[in-house]
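K.L.:
Sharing work-v4.txt (compact mmCIF, C-alpha atoms) below.
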```txt
# COMPACT_ATOMS: atom_id res chain seq x y z
CA MET I 134 -11.51 -3.12 33.07
CA SER I 135 -15.06 -1.77 33.20
CA LEU I 136 -16.75 -0.26 30.16
CA LYS I 137 -16.81 3.09 31.95
CA ASN I 138 -13.03 3.02 32.42
CA LEU I 139 -12.49 1.87 28.85
CA ILE I 140 -14.48 4.85 27.57
CA LYS I 141 -12.68 7.18 29.97
CA ASN I 142 -9.28 5.96 28.80
CA ALA I 143 -10.31 6.22 25.15
CA ILE I 144 -11.40 9.82 25.66
CA ALA I 145 -8.12 10.61 27.41
CA ASP I 146 -6.18 9.03 24.56
CA TYR I 147 -8.13 11.08 22.04
CA LYS I 148 -7.48 14.31 23.93
CA ARG I 149 -3.77 13.54 23.99
CA PHE I 150 -3.96 12.77 20.30
CA ARG I 151 -5.54 16.15 19.54
CA LYS I 152 -3.04 17.96 21.74
CA ASP I 153 0.18 16.14 20.83
CA GLN I 154 -0.47 15.05 17.28
CA ARG I 155 2.16 15.71 14.64
CA LYS I 156 -0.12 16.04 11.64
CA TYR I 157 0.90 17.38 8.27
CA SER I 158 -1.35 17.52 5.24
CA ASN I 159 -0.51 17.55 1.59
CA ASP I 160 -3.70 17.46 -0.48
CA ASN I 161 -5.38 14.22 0.59
CA ILE I 162 -2.28 12.56 2.06
CA ARG I 163 -1.82 13.04 5.78
CA TYR I 164 0.97 12.12 8.18
CA TYR I 165 0.87 11.38 11.89
CA ASN I 166 3.72 10.48 14.23
CA PHE I 167 6.27 11.35 11.55
CA TRP I 168 9.38 13.46 11.99
CA ALA I 169 10.74 16.74 10.61
CA LEU I 170 8.01 17.31 8.07
CA PRO I 171 7.18 18.36 5.42
CA ASN I 172 10.60 18.25 3.72
CA SER I 173 11.52 14.81 4.99
CA ASP I 174 11.01 11.15 4.31
CA ALA I 175 7.24 11.52 4.50
CA SER I 176 7.12 13.77 1.45
CA TRP I 177 8.74 10.90 -0.49
CA PHE I 178 5.52 8.91 -0.21
CA THR I 179 3.42 11.87 -1.32
CA GLN I 180 5.55 12.39 -4.41
CA PHE I 181 5.64 8.66 -5.14
CA ILE I 182 1.84 8.42 -5.10
CA LYS I 183 1.48 11.52 -7.28
CA HIS I 184 4.14 10.49 -9.78
CA ARG I 185 2.62 7.05 -10.31
CA ASN I 186 -0.96 8.36 -10.24
CA ILE I 187 -1.83 5.79 -7.60
CA ASN I 188 -4.69 7.83 -6.14
CA PRO I 189 -6.52 9.38 -9.13
CA ASN I 190 -9.77 9.89 -7.21
CA GLY I 191 -8.09 11.82 -4.41
CA LYS I 192 -9.06 9.48 -1.60
CA LYS I 193 -7.73 10.43 1.82
CA ILE I 194 -4.71 8.35 2.80
CA THR I 195 -3.01 8.45 6.18
CA PHE I 196 0.59 7.48 6.86
CA LEU I 197 1.60 6.82 10.46
CA SER I 198 5.02 6.26 12.01
CA VAL I 199 6.60 5.86 15.45
CA VAL I 200 7.13 9.38 16.82
CA GLY I 201 4.19 9.58 19.20
CA ASN I 202 1.33 7.49 20.52
CA PRO I 203 0.45 4.26 18.65
CA LYS I 204 -3.19 4.59 19.76
CA ILE I 205 -3.61 7.53 17.38
CA SER I 206 -4.46 4.99 14.69
CA ASN I 207 -7.64 4.10 16.59
CA PHE I 208 -9.09 7.50 15.73
CA ILE I 209 -8.23 7.51 12.03
CA ARG I 210 -10.26 6.02 9.23
CA SER I 211 -8.79 3.74 6.60
CA PRO I 212 -6.81 3.55 4.45
CA LYS I 213 -3.98 3.70 6.98
CA ILE I 214 -0.37 2.90 6.10
CA PHE I 215 2.28 2.38 8.77
CA PHE I 216 5.96 3.08 8.11
CA THR I 217 8.82 2.76 10.55
CA GLY I 218 12.30 4.23 10.33
CA GLU I 219 13.14 2.66 13.70
CA ASN I 220 13.74 -0.90 14.84
CA ILE I 221 10.43 -1.87 16.45
CA GLU I 222 11.86 -5.34 17.15
CA ASN I 223 14.31 -3.84 19.67
CA GLN I 224 12.79 -4.16 23.14
CA GLU I 225 15.12 -1.46 24.49
CA HIS I 226 13.94 1.18 21.99
CA PRO I 227 10.85 3.35 22.67
CA SER I 228 9.42 2.39 19.26
CA PHE I 229 9.03 -1.22 20.48
CA ILE I 230 5.53 -0.33 21.70
CA PHE I 231 4.44 -0.08 18.05
CA LYS I 232 5.24 -3.74 17.35
CA LYS I 233 1.84 -5.05 18.48
CA TYR I 234 -0.06 -2.29 16.67
CA HIS I 235 1.48 -1.99 13.22
CA LEU I 236 -0.18 -5.01 11.58
CA LYS I 237 -3.37 -5.00 13.63
CA ASN I 238 -4.23 -1.31 13.32
CA HIS I 239 -3.22 -0.56 9.72
CA ASP I 240 -4.19 -1.63 6.24
CA LEU I 241 -0.57 -1.81 5.12
CA SER I 242 2.65 -1.89 7.13
CA LEU I 243 6.13 -1.02 5.84
CA GLY I 244 9.27 -1.80 7.78
CA PHE I 245 12.59 -3.64 8.11
CA SER I 246 11.52 -7.09 9.19
CA TYR I 247 11.19 -10.13 6.97
CA LEU I 248 7.54 -10.81 7.77
CA ASP I 249 5.25 -13.04 5.74
CA ASP I 250 1.93 -11.22 5.87
CA LYS I 251 -0.33 -9.97 3.08
CA LYS I 252 -0.62 -6.63 4.90
CA TYR I 253 3.15 -6.16 5.07
CA LEU I 254 5.96 -5.15 2.72
CA ARG I 255 9.61 -4.99 3.67
CA PHE I 256 10.51 -1.45 2.65
CA PRO I 257 13.64 -0.30 4.51
CA LEU I 258 14.34 3.33 5.31
CA TRP I 259 17.42 3.59 3.12
CA ILE I 260 15.32 3.49 -0.07
CA LEU I 261 13.96 6.94 0.76
CA TYR I 262 17.51 8.27 1.06
CA ILE I 263 19.01 7.06 -2.21
CA ILE I 264 16.12 6.54 -4.64
CA PRO I 265 14.10 9.57 -5.86
CA SER I 266 10.35 9.05 -5.59
CA ASN I 267 9.92 9.70 -9.33
CA ALA I 268 12.84 7.52 -10.46
CA SER I 269 12.49 5.34 -13.53
CA PHE I 270 14.31 2.01 -13.82
CA GLU I 271 16.88 3.74 -16.03
CA ASP I 272 17.40 6.40 -13.35
CA ILE I 273 17.99 3.76 -10.68
CA LYS I 274 20.35 1.80 -12.93
CA SER I 275 22.32 4.97 -13.66
CA LEU I 276 22.62 5.79 -9.94
CA ILE I 277 23.81 2.30 -9.06
CA ASP I 278 26.32 2.28 -11.91
CA SER I 279 27.72 5.64 -10.80
CA TYR I 280 28.26 4.41 -7.23
CA ASN I 281 29.83 1.20 -8.54
CA ASP I 282 32.36 3.13 -10.63
CA PRO I 283 35.79 2.67 -8.97
CA LYS I 284 36.52 6.35 -9.61
CA HIS I 285 33.67 7.27 -7.28
CA ARG I 286 35.45 5.68 -4.34
CA HIS I 287 39.04 6.28 -5.33
CA ASN I 288 39.89 9.96 -5.71
CA ASN I 289 42.68 12.28 -4.63
CA ASN I 290 40.49 14.24 -2.20
CA ARG I 291 40.38 11.45 0.39
CA GLU I 292 43.24 12.74 2.51
CA ASN I 293 41.43 12.08 5.79
CA PHE I 294 41.49 8.72 7.52
CA CYS I 295 38.13 7.87 9.13
CA ALA I 296 34.97 9.69 10.18
CA ASN I 297 32.23 8.98 12.67
CA ILE I 298 29.10 11.12 12.69
CA SER I 299 26.68 10.18 15.44
CA ARG I 300 24.67 11.67 18.27
CA ALA I 301 24.93 8.80 20.72
CA ASP I 302 26.29 5.30 21.29
CA ASN I 303 23.63 3.36 23.16
CA ASN I 304 25.24 -0.06 22.76
CA GLY I 305 28.90 0.99 22.94
CA ILE I 306 29.77 -0.36 19.48
CA ARG I 307 30.82 2.99 18.03
CA LYS I 308 33.26 3.78 20.81
CA THR I 309 34.65 0.26 20.63
CA ILE I 310 35.37 0.64 16.90
CA ILE I 311 36.81 4.13 17.35
CA ASP I 312 39.11 2.98 20.16
CA LEU I 313 40.16 0.03 18.01
CA LEU I 314 41.21 2.22 15.08
CA VAL I 315 42.75 5.22 16.88
CA PRO I 316 46.22 3.56 17.00
CA ILE I 317 46.23 3.70 13.19
CA GLU I 318 45.22 7.37 12.88
CA THR I 319 42.91 9.90 14.47
CA VAL I 320 39.20 9.23 13.93
CA LYS I 321 37.33 12.48 13.30
CA CYS I 322 34.06 12.56 15.25
CA ALA I 323 31.89 15.29 13.78
CA GLY I 324 28.64 14.51 15.60
CA SER I 325 27.82 15.26 19.22
CA PHE I 326 29.17 11.85 20.29
CA LEU I 327 32.91 12.16 21.12
CA LYS I 328 33.04 15.32 19.02
CA ASN I 329 36.59 16.41 18.22
CA THR I 330 36.10 18.53 15.09
CA ASN I 331 33.83 21.32 13.85
CA ASP I 332 34.69 20.84 10.18
CA LEU I 333 31.33 19.33 9.25
CA GLN I 334 29.50 22.44 10.44
CA GLU I 335 32.06 25.16 9.69
CA LYS I 336 33.59 23.96 6.41
CA PHE I 337 30.80 21.84 4.89
CA GLY I 338 27.64 23.54 6.15
CA ASP I 339 26.41 20.32 7.77
CA ASN I 340 26.48 18.53 4.40
CA LYS I 341 27.29 15.02 5.56
CA ILE I 342 27.88 13.52 2.13
CA GLU I 343 30.32 16.22 1.02
CA TYR I 344 32.15 15.91 4.32
CA LEU I 345 32.47 12.12 4.00
CA LYS I 346 33.89 12.50 0.49
CA THR I 347 37.15 13.59 2.10
CA PHE I 348 37.52 10.35 4.11
CA ARG I 349 38.61 6.87 3.13
CA PHE I 350 36.55 5.21 5.86
CA ASN I 351 33.28 5.88 7.64
CA ILE I 352 32.28 4.18 10.89
CA CYS I 353 28.55 3.64 10.37
CA PRO I 354 27.14 0.85 12.58
CA GLU I 355 23.45 0.51 13.42
CA ASN I 356 22.02 1.24 16.85
CA SER I 357 20.94 -2.39 17.24
CA ASN I 358 21.65 -5.73 15.63
CA THR I 359 18.46 -7.19 14.15
CA LYS I 360 18.10 -9.11 10.91
CA GLY I 361 16.87 -6.76 8.19
CA TYR I 362 17.37 -3.58 10.20
CA VAL I 363 19.43 -1.56 7.74
CA THR I 364 19.16 2.23 7.77
CA GLU I 365 20.62 5.03 5.68
CA LYS I 366 23.99 4.97 7.50
CA LEU I 367 25.61 2.30 5.34
CA PHE I 368 24.23 3.84 2.15
CA GLU I 369 25.39 7.36 2.97
CA ALA I 370 28.94 6.03 3.21
CA ILE I 371 28.57 4.37 -0.19
CA ILE I 372 27.05 7.50 -1.76
CA ALA I 373 30.00 9.51 -0.43
CA GLY I 374 32.46 6.92 -1.75
CA SER I 375 33.86 6.14 1.70
CA ILE I 376 34.50 2.54 2.70
CA PRO I 377 31.80 1.62 5.25
CA ILE I 378 32.85 0.14 8.58
CA TYR I 379 29.62 -1.55 9.55
CA TRP I 380 27.93 -3.57 12.25
CA GLY I 381 24.28 -4.60 12.17
CA SER I 382 21.71 -6.91 10.53
CA HIS I 383 23.91 -9.82 11.67
CA ASN I 384 26.57 -8.37 9.35
CA ARG I 385 24.54 -9.36 6.29
CA PRO I 386 22.89 -6.07 5.28
CA ASP I 387 20.50 -6.48 2.33
CA PRO I 388 22.62 -9.10 0.52
CA LYS I 389 20.57 -8.76 -2.68
CA ILE I 390 21.54 -5.08 -2.79
CA ILE I 391 24.93 -4.77 -1.08
CA ASN I 392 28.09 -6.53 -2.20
CA GLN I 393 29.24 -7.81 1.18
CA ASP I 394 32.87 -7.96 0.01
CA ALA I 395 32.90 -4.17 -0.44
CA VAL I 396 32.05 -3.49 3.22
CA LEU I 397 34.31 -3.82 6.27
CA PHE I 398 32.43 -5.56 9.07
CA PHE I 399 33.14 -5.29 12.77
CA ASP I 400 33.04 -8.60 14.60
CA PRO I 401 33.03 -8.08 18.38
CA GLU I 402 34.37 -11.62 18.76
CA ASN I 403 37.38 -10.89 16.54
CA PRO I 404 38.11 -7.14 16.34
CA GLN I 405 41.65 -7.79 15.12
CA LEU I 406 40.31 -8.72 11.68
CA LEU I 407 38.90 -5.23 11.19
CA PHE I 408 42.01 -3.55 12.59
CA ASP I 409 44.31 -5.46 10.24
CA LYS I 410 42.15 -4.74 7.18
CA VAL I 411 41.80 -1.02 7.86
CA ASN I 412 45.49 -0.72 8.68
CA LEU I 413 46.38 -2.41 5.38
CA LEU I 414 44.03 -0.29 3.26
CA TRP I 415 45.26 2.92 4.89
CA LYS I 416 48.97 2.21 4.52
CA ASP I 417 49.14 0.13 1.33
CA LYS I 418 48.20 2.14 -1.75
CA ASN I 419 47.90 -0.90 -3.99
CA ALA I 420 45.64 -2.73 -1.52
CA TYR I 421 43.42 0.36 -1.24
CA GLU I 422 43.15 0.78 -5.01
CA GLU I 423 42.29 -2.89 -5.40
CA PHE I 424 39.56 -2.62 -2.76
CA CYS I 425 38.15 0.45 -4.51
CA ARG I 426 37.54 -1.65 -7.59
CA LEU I 427 34.98 -3.73 -5.69
CA LYS I 428 31.44 -2.69 -6.53
CA PRO I 429 29.46 -1.76 -3.39
CA PHE I 430 26.17 -2.72 -5.09
CA THR I 431 25.37 -6.11 -6.59
CA ASP I 432 24.86 -6.48 -10.33
CA HIS I 433 21.10 -6.92 -9.83
CA ALA I 434 20.56 -4.18 -7.23
CA ALA I 435 18.67 -1.90 -9.62
CA GLU I 436 16.27 -4.69 -10.60
CA VAL I 437 15.58 -5.58 -6.96
CA ILE I 438 14.90 -1.95 -6.01
CA TRP I 439 12.66 -1.43 -9.04
CA GLU I 440 10.63 -4.51 -8.09
CA TRP I 441 10.27 -3.12 -4.55
CA LEU I 442 8.84 0.13 -5.90
CA ASN I 443 6.41 -1.70 -8.17
CA ILE I 444 5.19 -3.90 -5.30
CA LEU I 445 4.75 -0.80 -3.14
CA GLU I 446 2.60 0.74 -5.85
CA GLU I 447 0.39 -2.35 -6.04
CA LYS I 448 0.11 -2.59 -2.25
CA VAL I 449 -0.93 1.05 -1.89
CA LYS I 450 -3.46 0.66 -4.72
CA SER I 451 -4.93 -2.39 -2.99
CA VAL I 452 -5.58 -0.55 0.29
CA ILE I 453 -7.10 2.42 -1.54
```
Would you write the structure of this file as structure tokens?
P.N.:
Amino acid sequence: MSLKNLIKNAIADYKRFRKDQRKYSNDNIRYYNFWALPNSDASWFTQFIKHRNINPNGKKITFLSVVGNPKISNFIRSPKIFFTGENIENQEHPSFIFKKYHLKNHDLSLGFSYLDDKKYLRFPLWILYIIPSNASFEDIKSLIDSYNDPKHRHNNNRENFCANISRADNNGIRKTIIDLLVPIETVKCAGSFLKNTNDLQEKFGDNKIEYLKTFRFNICPENSNTKGYVTEKLFEAIIAGSIPIYWGSHNRPDPKIINQDAVLFFDPENPQLLFDKVNLLWKDKNAYEEFCRLKPFTDHAAEVIWEWLNILEEKVKSVI
């Protein structure tokens, strides 16, 4: 391509950037290509940096994500930090186009993958959903202990069988699991996908956690199966005290954090295993109560999460 065309394309990209940008500012911390700001995941980073006094001199920091054009980063000065809430390893997902940019165009990259690069930190999306940005180690330990308490999972309000809350089913896994379990009892679908109830909206004001607290099981698979790709879905089930029915991350989601024995995994090669387990836990009170005594988090989960936060602090300081 000629220099003239390169310049022409760069100018066109910049014009699109100025027109379509999703920019939100909070003091000296800016966000591009993020979603649903300012009261969303992005504000977590702002509060984290403020709480830990990571940026005492007020240097401008830019966070970029995957809702938009990856070339936006070409027009932004450092320090630039990339964060993805989507699986950029999935070739079928629109965010895949960010894969070749996130390490090259940014000073620090945060995501799901297990990459060995000094500019990268594995920092999965679910942390932003369950860990407050200003949490101390004691706070994190207290949260984990509360979710590990058998009483959190086993209570008398769980009169409903199984819930699925989703907008779509791109790979067909959700429908497969739902069809598998329907012979046991009706699966309540409260999202736009296969919707058969309005209770989430009408009775619970769209509060997903409170809604799930009335169910024993929650179908919460990922949209794609990639090692390390673990989103908030599994953790929302745990926070609500529902038993997660999960598929994703090669059915080994964050093994240093999640007690794999406390999750029901769907194996497409042997769906009968899941059917038999769910059927048993639904119909056998003793089996259900015994399962509820399993801790969903490992004994060292709080320590692992705390280390993650400390490494994030050091990484952000290094790019500033």
K.L.:
Can you tell me which residues surround Phe216 of chain I at a distance of at most 12 Å, considering all atoms listed in the file, apart from same-chain residues fewer than 6 positions away, and format the answer as JSON, numbers by chain?
P.N.:
{"I": [164, 165, 166, 167, 168, 174, 175, 177, 178, 195, 196, 197, 198, 199, 200, 203, 228, 231, 232, 234, 235, 236, 239, 240, 241, 242, 243, 244, 245, 246, 253, 254, 255, 256, 257, 258, 261, 445]}
K.L.:
Arg291 of chain I: which residues within 9 Å, counting only C-alpha atoms, same-chain residues fewer than 6 positions away excluded, as an MDAnalysis selection string?
P.N.:
chainID I and resid 345:349 375
K.L.:
By how many Å are atom CA of Ile352 of chain I and atom CA of Ile378 of chain I apart?
P.N.:
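Interatomic distance, atom CA of Ile352 of chain I to atom CA of Ile378 of chain I: 4.7 Å.
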K.L.:
Give me, please, the distance in Å between atom CA of Gly201 of chain I and atom CA of Phe229 of chain I, quoted to one decimal.
P.N.:
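So the answer is 11.9 Å.
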K.L.:
Give one line per residue of segment 301-335 of chain I that approaches segment 395-403 of chain I to at most 10 Å, naming the two atoms of the closest pair and their distance in Å to one decimal, counting all atoms listed in the file; sort by chain then ascending residue number and deliver it as JSON lines.
P.N.:
```
{"residue": "I:Ile306", "atom": "CA", "partner": "I:Pro401", "partner_atom": "CA", "distance": 8.5}
{"residue": "I:Thr309", "atom": "CA", "partner": "I:Pro401", "partner_atom": "CA", "distance": 8.8}
{"residue": "I:Ile310", "atom": "CA", "partner": "I:Phe399", "partner_atom": "CA", "distance": 7.6}
```
K.L.:
Would you pick out the contacts of Phe424 of chain I at 12 Å or less, using all atoms listed in the file, so that residues sharing its chain but fewer than 2 positions from it are not included, and give the list as a PyMOL selection string?
P.N.:
chain I and resi 281+283-284+286-287+349+374-377+394-397+410-411+413-415+417-422+426-429
K.L.:
Store the residues picked out above in a file with C-alpha atoms, as a compact mmCIF listing (two decimals), keeping the file's coordinate frame.
P.N.:
```txt
# COMPACT_ATOMS: atom_id res chain seq x y z
CA ASN I 281 29.83 1.20 -8.54
CA PRO I 283 35.79 2.67 -8.97
CA LYS I 284 36.52 6.35 -9.61
CA ARG I 286 35.45 5.68 -4.34
CA HIS I 287 39.04 6.28 -5.33
CA ARG I 349 38.61 6.87 3.13
CA GLY I 374 32.46 6.92 -1.75
CA SER I 375 33.86 6.14 1.70
CA ILE I 376 34.50 2.54 2.70
CA PRO I 377 31.80 1.62 5.25
CA ASP I 394 32.87 -7.96 0.01
CA ALA I 395 32.90 -4.17 -0.44
CA VAL I 396 32.05 -3.49 3.22
CA LEU I 397 34.31 -3.82 6.27
CA LYS I 410 42.15 -4.74 7.18
CA VAL I 411 41.80 -1.02 7.86
CA LEU I 413 46.38 -2.41 5.38
CA LEU I 414 44.03 -0.29 3.26
CA TRP I 415 45.26 2.92 4.89
CA ASP I 417 49.14 0.13 1.33
CA LYS I 418 48.20 2.14 -1.75
CA ASN I 419 47.90 -0.90 -3.99
CA ALA I 420 45.64 -2.73 -1.52
CA TYR I 421 43.42 0.36 -1.24
CA GLU I 422 43.15 0.78 -5.01
CA ARG I 426 37.54 -1.65 -7.59
CA LEU I 427 34.98 -3.73 -5.69
CA LYS I 428 31.44 -2.69 -6.53
CA PRO I 429 29.46 -1.76 -3.39
```
K.L.:
Measure the distance from atom CA of Thr330 of chain I to atom CA of Pro404 of chain I in Å and round it to one decimal.
P.N.:
25.8 Å
K.L.:
Taking only C-alpha atoms into account, which of I:Glu369, I:Glu222, I:Asp432, I:Glu355 comes nearest Ser382 of chain I?
P.N.:
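Going through I:Glu369, I:Glu222, I:Asp432, I:Glu355 one by one, the smallest distance to Ser382 of chain I is for I:Glu355.
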K.L.:
Counting all atoms listed in the file, what is within 9 Å of segment 313-324 of chain I, bar same-chain residues fewer than 5 positions away, as a JSON list (two decimals) with C-alpha atoms, keeping the file's coordinate frame?
P.N.:
```json
[["chain", "number", "residue", "atom", "x", "y", "z"],
["I", 293, "ASN", "CA", 41.43, 12.08, 5.79],
["I", 294, "PHE", "CA", 41.49, 8.72, 7.52],
["I", 295, "CYS", "CA", 38.13, 7.87, 9.13],
["I", 296, "ALA", "CA", 34.97, 9.69, 10.18],
["I", 297, "ASN", "CA", 32.23, 8.98, 12.67],
["I", 298, "ILE", "CA", 29.10, 11.12, 12.69],
["I", 299, "SER", "CA", 26.68, 10.18, 15.44],
["I", 300, "ARG", "CA", 24.67, 11.67, 18.27],
["I", 301, "ALA", "CA", 24.93, 8.80, 20.72],
["I", 308, "LYS", "CA", 33.26, 3.78, 20.81],
["I", 329, "ASN", "CA", 36.59, 16.41, 18.22],
["I", 330, "THR", "CA", 36.10, 18.53, 15.09],
["I", 331, "ASN", "CA", 33.83, 21.32, 13.85],
["I", 332, "ASP", "CA", 34.69, 20.84, 10.18],
["I", 333, "LEU", "CA", 31.33, 19.33, 9.25],
["I", 334, "GLN", "CA", 29.50, 22.44, 10.44],
["I", 404, "PRO", "CA", 38.11, -7.14, 16.34],
["I", 405, "GLN", "CA", 41.65, -7.79, 15.12],
["I", 407, "LEU", "CA", 38.90, -5.23, 11.19],
["I", 408, "PHE", "CA", 42.01, -3.55, 12.59],
["I", 411, "VAL", "CA", 41.80, -1.02, 7.86],
["I", 412, "ASN", "CA", 45.49, -0.72, 8.68],
["I", 415, "TRP", "CA", 45.26, 2.92, 4.89]]
```
K.L.:
From the options I:Ile263, I:Val449, I:Ile214, I:Cys353, which residue's atoms come nearest to Leu276 of chain I, counting all atoms listed in the file?
P.N.:
I:Ile263
K.L.:
Using all atoms listed in the file, which residue out of I:Lys252, I:Lys366, I:Val452, I:Ile438 lies closest to Lys192 of chain I?
P.N.:
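Of all the options, I:Val452 lies closest to Lys192 of chain I.
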